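J.: I'm passing along my_file.pdb; it holds PDB, C-alpha atoms.
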MODEL        1
ATOM      1  CA  MET A   1      18.573  -2.431   8.008
ATOM      2  CA  PRO A   2      19.220  -5.631   9.910
ATOM      3  CA  GLY A   3      17.211  -5.977  13.079
ATOM      4  CA  VAL A   4      14.850  -3.075  12.352
ATOM      5  CA  ARG A   5      11.228  -3.721  13.221
ATOM      6  CA  VAL A   6       8.333  -1.488  12.256
ATOM      7  CA  ARG A   7       5.061  -1.174  14.180
ATOM      8  CA  LYS A   8       2.098  -1.328  11.833
ATOM      9  CA  LYS A   9      -1.063   0.722  12.380
ATOM     10  CA  SER A  10      -2.809  -2.404  13.566
ATOM     11  CA  GLY A  11      -0.273  -2.740  16.378
ATOM     12  CA  SER A  12       1.381  -5.919  15.106
ATOM     13  CA  LEU A  13       5.104  -5.991  14.489
ATOM     14  CA  CYS A  14       6.481  -6.651  11.018
ATOM     15  CA  ALA A  15       9.708  -8.428  10.309
ATOM     16  CA  ASN A  16      12.515  -6.326   8.841
ATOM     17  CA  GLY A  17      11.756  -7.793   5.427
ATOM     18  CA  MET A  18       8.717  -5.548   4.847
ATOM     19  CA  ARG A  19       8.469  -4.238   1.308
ATOM     20  CA  ALA A  20       8.878  -0.509   0.773
ATOM     21  CA  VAL A  21       7.083   1.615  -1.811
ATOM     22  CA  ASP A  22       8.944   4.039  -4.028
ATOM     23  CA  THR A  23       7.829   7.432  -5.290
ATOM     24  CA  ASP A  24       6.400   6.048  -8.520
ATOM     25  CA  VAL A  25       4.035   3.705  -6.672
ATOM     26  CA  LEU A  26       2.730   6.508  -4.455
ATOM     27  CA  VAL A  27       2.297   8.912  -7.369
ATOM     28  CA  ARG A  28       0.295   6.280  -9.248
ATOM     29  CA  LEU A  29      -1.956   5.765  -6.219
ATOM     30  CA  ILE A  30      -2.598   9.527  -6.077
ATOM     31  CA  ALA A  31      -2.610  10.545  -9.745
ATOM     32  CA  PRO A  32      -4.237   7.719 -11.688
ATOM     33  CA  ASP A  33      -3.304   8.941 -15.167
ATOM     34  CA  ASP A  34      -2.086   5.612 -16.565
ATOM     35  CA  LYS A  35      -4.494   2.718 -15.965
ATOM     36  CA  LYS A  36      -1.872  -0.017 -16.348
ATOM     37  CA  GLN A  37       0.556   1.654 -13.935
ATOM     38  CA  VAL A  38      -2.252   2.343 -11.454
ATOM     39  CA  GLU A  39      -3.189  -1.349 -11.499
ATOM     40  CA  SER A  40       0.454  -2.314 -10.883
ATOM     41  CA  ALA A  41       0.783   0.175  -8.019
ATOM     42  CA  ASP A  42      -2.484  -0.982  -6.473
ATOM     43  CA  LYS A  43      -1.421  -4.623  -6.736
ATOM     44  CA  PHE A  44       1.921  -3.824  -5.087
ATOM     45  CA  ALA A  45       0.262  -1.875  -2.256
ATOM     46  CA  SER A  46      -2.383  -4.546  -1.713
ATOM     47  CA  LYS A  47       0.230  -6.825  -0.121
ATOM     48  CA  GLY A  48       1.199  -4.129   2.398
ATOM     49  CA  ALA A  49       4.170  -1.806   2.175
ATOM     50  CA  TRP A  50       6.231   0.720   4.131
ATOM     51  CA  MET A  51       6.655   4.422   3.214
ATOM     52  CA  SER A  52       9.742   6.378   4.234
ATOM     53  CA  HIS A  53       9.915  10.115   4.873
ATOM     54  CA  LEU A  54      12.152  10.462   1.820
ATOM     55  CA  VAL A  55       9.629   8.813  -0.506
ATOM     56  CA  LEU A  56       6.842  11.019   0.878
ATOM     57  CA  ALA A  57       8.998  14.125   0.302
ATOM     58  CA  GLU A  58       9.779  13.019  -3.259
ATOM     59  CA  THR A  59       6.091  12.322  -3.880
ATOM     60  CA  SER A  60       5.202  15.826  -2.676
ATOM     61  CA  TRP A  61       7.813  17.283  -5.017
ATOM     62  CA  VAL A  62       6.454  15.337  -8.004
ATOM     63  CA  LEU A  63       2.882  16.405  -7.228
ATOM     64  CA  ASP A  64       4.014  20.038  -7.096
ATOM     65  CA  SER A  65       6.467  20.165 -10.007
ATOM     66  CA  VAL A  66       4.980  17.664 -12.462
ATOM     67  CA  TYR A  67       1.266  17.690 -11.646
ATOM     68  CA  ASP A  68       1.095  21.364 -10.537
ATOM     69  CA  ARG A  69      -0.935  20.477  -7.425
ATOM     70  CA  THR A  70      -1.637  23.116  -4.779
ATOM     71  CA  ARG A  71      -0.392  22.825  -1.193
ATOM     72  CA  GLU A  72      -3.909  21.882  -0.095
ATOM     73  CA  GLN A  73      -4.154  19.168  -2.787
ATOM     74  CA  ILE A  74      -0.736  17.781  -1.818
ATOM     75  CA  ALA A  75      -1.688  17.752   1.879
ATOM     76  CA  LYS A  76      -4.946  15.967   1.032
ATOM     77  CA  ALA A  77      -3.043  13.368  -1.034
ATOM     78  CA  ILE A  78      -0.550  12.706   1.768
ATOM     79  CA  LYS A  79      -3.431  12.362   4.258
ATOM     80  CA  MET A  80      -5.032   9.832   1.892
ATOM     81  CA  LEU A  81      -1.803   7.798   1.971
ATOM     82  CA  LEU A  82      -1.608   8.061   5.771
ATOM     83  CA  ASN A  83      -5.123   6.636   6.019
ATOM     84  CA  ASP A  84      -4.504   3.781   3.569
ATOM     85  CA  GLU A  85      -4.619   0.612   5.687
ATOM     86  CA  ARG A  86      -2.285  -1.174   3.264
ATOM     87  CA  LEU A  87       0.560   1.255   3.969
ATOM     88  CA  THR A  88       2.749   1.679   7.029
ATOM     89  CA  VAL A  89       4.311   5.111   7.386
ATOM     90  CA  GLN A  90       7.678   5.899   8.923
ATOM     91  CA  GLY A  91       6.913   8.098  11.933
ATOM     92  CA  GLN A  92       3.252   8.631  11.107
ATOM     93  CA  ASP A  93       2.726  11.135  13.930
ATOM     94  CA  VAL A  94       5.645  13.240  12.649
ATOM     95  CA  VAL A  95       4.256  13.161   9.106
ATOM     96  CA  GLU A  96       0.764  14.115  10.299
ATOM     97  CA  ALA A  97       2.190  17.128  12.179
ATOM     98  CA  ALA A  98       4.265  18.141   9.139
ATOM     99  CA  VAL A  99       1.225  17.958   6.849
ATOM    100  CA  GLU A 100      -0.726  20.266   9.164
ATOM    101  CA  LYS A 101       2.125  22.816   9.149
ATOM    102  CA  PHE A 102       2.510  22.465   5.363
ATOM    103  CA  ARG A 103      -1.085  23.478   4.708
TER     104      ARG A 103
ENDMDL
END
I need this file expressed as structure tokens, please.
T.:
Amino acid sequence: MPGVRVRKKSGSLCANGMRAVDTDVLVRLIAPDDKKQVESADKFASKGAWMSHLVLAETSWVLDSVYDRTREQIAKAIKMLLNDERLTVQGQDVVEAAVEKFR
């Protein structure tokens, strides 16, 4: 969106051109079942990226339906993403509260 600025965890502002991760990248960071794809996802994330609520919801769905993860495992995976310094999360405080309720 033109003119949108996102505050990173570090407190600095990013220009609206920040790269966003998709569900596949997040799933590869959580479920490293394909070495080549994990390396690609890690390389993409290493440059910094933004995560939307939608992508986090899709990632949770994939972990549940494809990888048969428990609620606790999904919550732990989302927390791992929230703590990843390379990633900026849309409304991190909202996501953290949602994860606690989800457990």
J.: Find the residues around range 54-65 of chain A up to 10 Å (all atoms listed in the file counted), leave out those fewer than 2 positions away in its own chain, and share them as a ChimeraX atom specification.
T.: /A:20-28,30-31,50-52,67-71,73-75,77-78,81,89-90,95
J.: I'd like to know which of A:Pro32, A:Ser46, A:Glu72, A:Arg103 is closest to Asp84 in chain A, using only C-alpha atoms.
T.: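 Nearest to Asp84 in chain A: A:Ser46.
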J.: If I wrap all listed atoms of range 47-52 of chain A in a box with edges along x, y and z and add 5 Å on each side, what are its centre and edge lengths in Å to one decimal, as AutoDock Vina command-line options?
T.:
--center_x 5.0 --center_y -0.2 --center_z 2.1 --size_x 19.5 --size_y 23.2 --size_z 14.4
J.: Tell me which of A:Gly91, A:Lys101, A:Arg86, A:Arg19 sits closest to Asp42 in chain A, counting only C-alpha atoms.
T.: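 Among the listed residues, the smallest separation from Asp42 in chain A belongs to A:Arg86.
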J.: How far is it from CA of Lys43 in chain A to CA of Glu96 in chain A, in Å with one decimal?
T.: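 So the answer is 25.4 Å.
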J.: Please measure the separation of CA of Asn83 in chain A and CA of Ala49 in chain A, giving the value in Å to one decimal.
T.: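 For CA of Asn83 in chain A relative to CA of Ala49 in chain A, the distance reads 13.1 Å.
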J.: Given only C-alpha atoms as the basis, pick out the residue of A:Lys79, A:Ser40, A:Glu85, A:Lys47 nearest to Ala97 in chain A.
T.: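 Counting only C-alpha atoms, the residue closest to Ala97 in chain A is A:Lys79.
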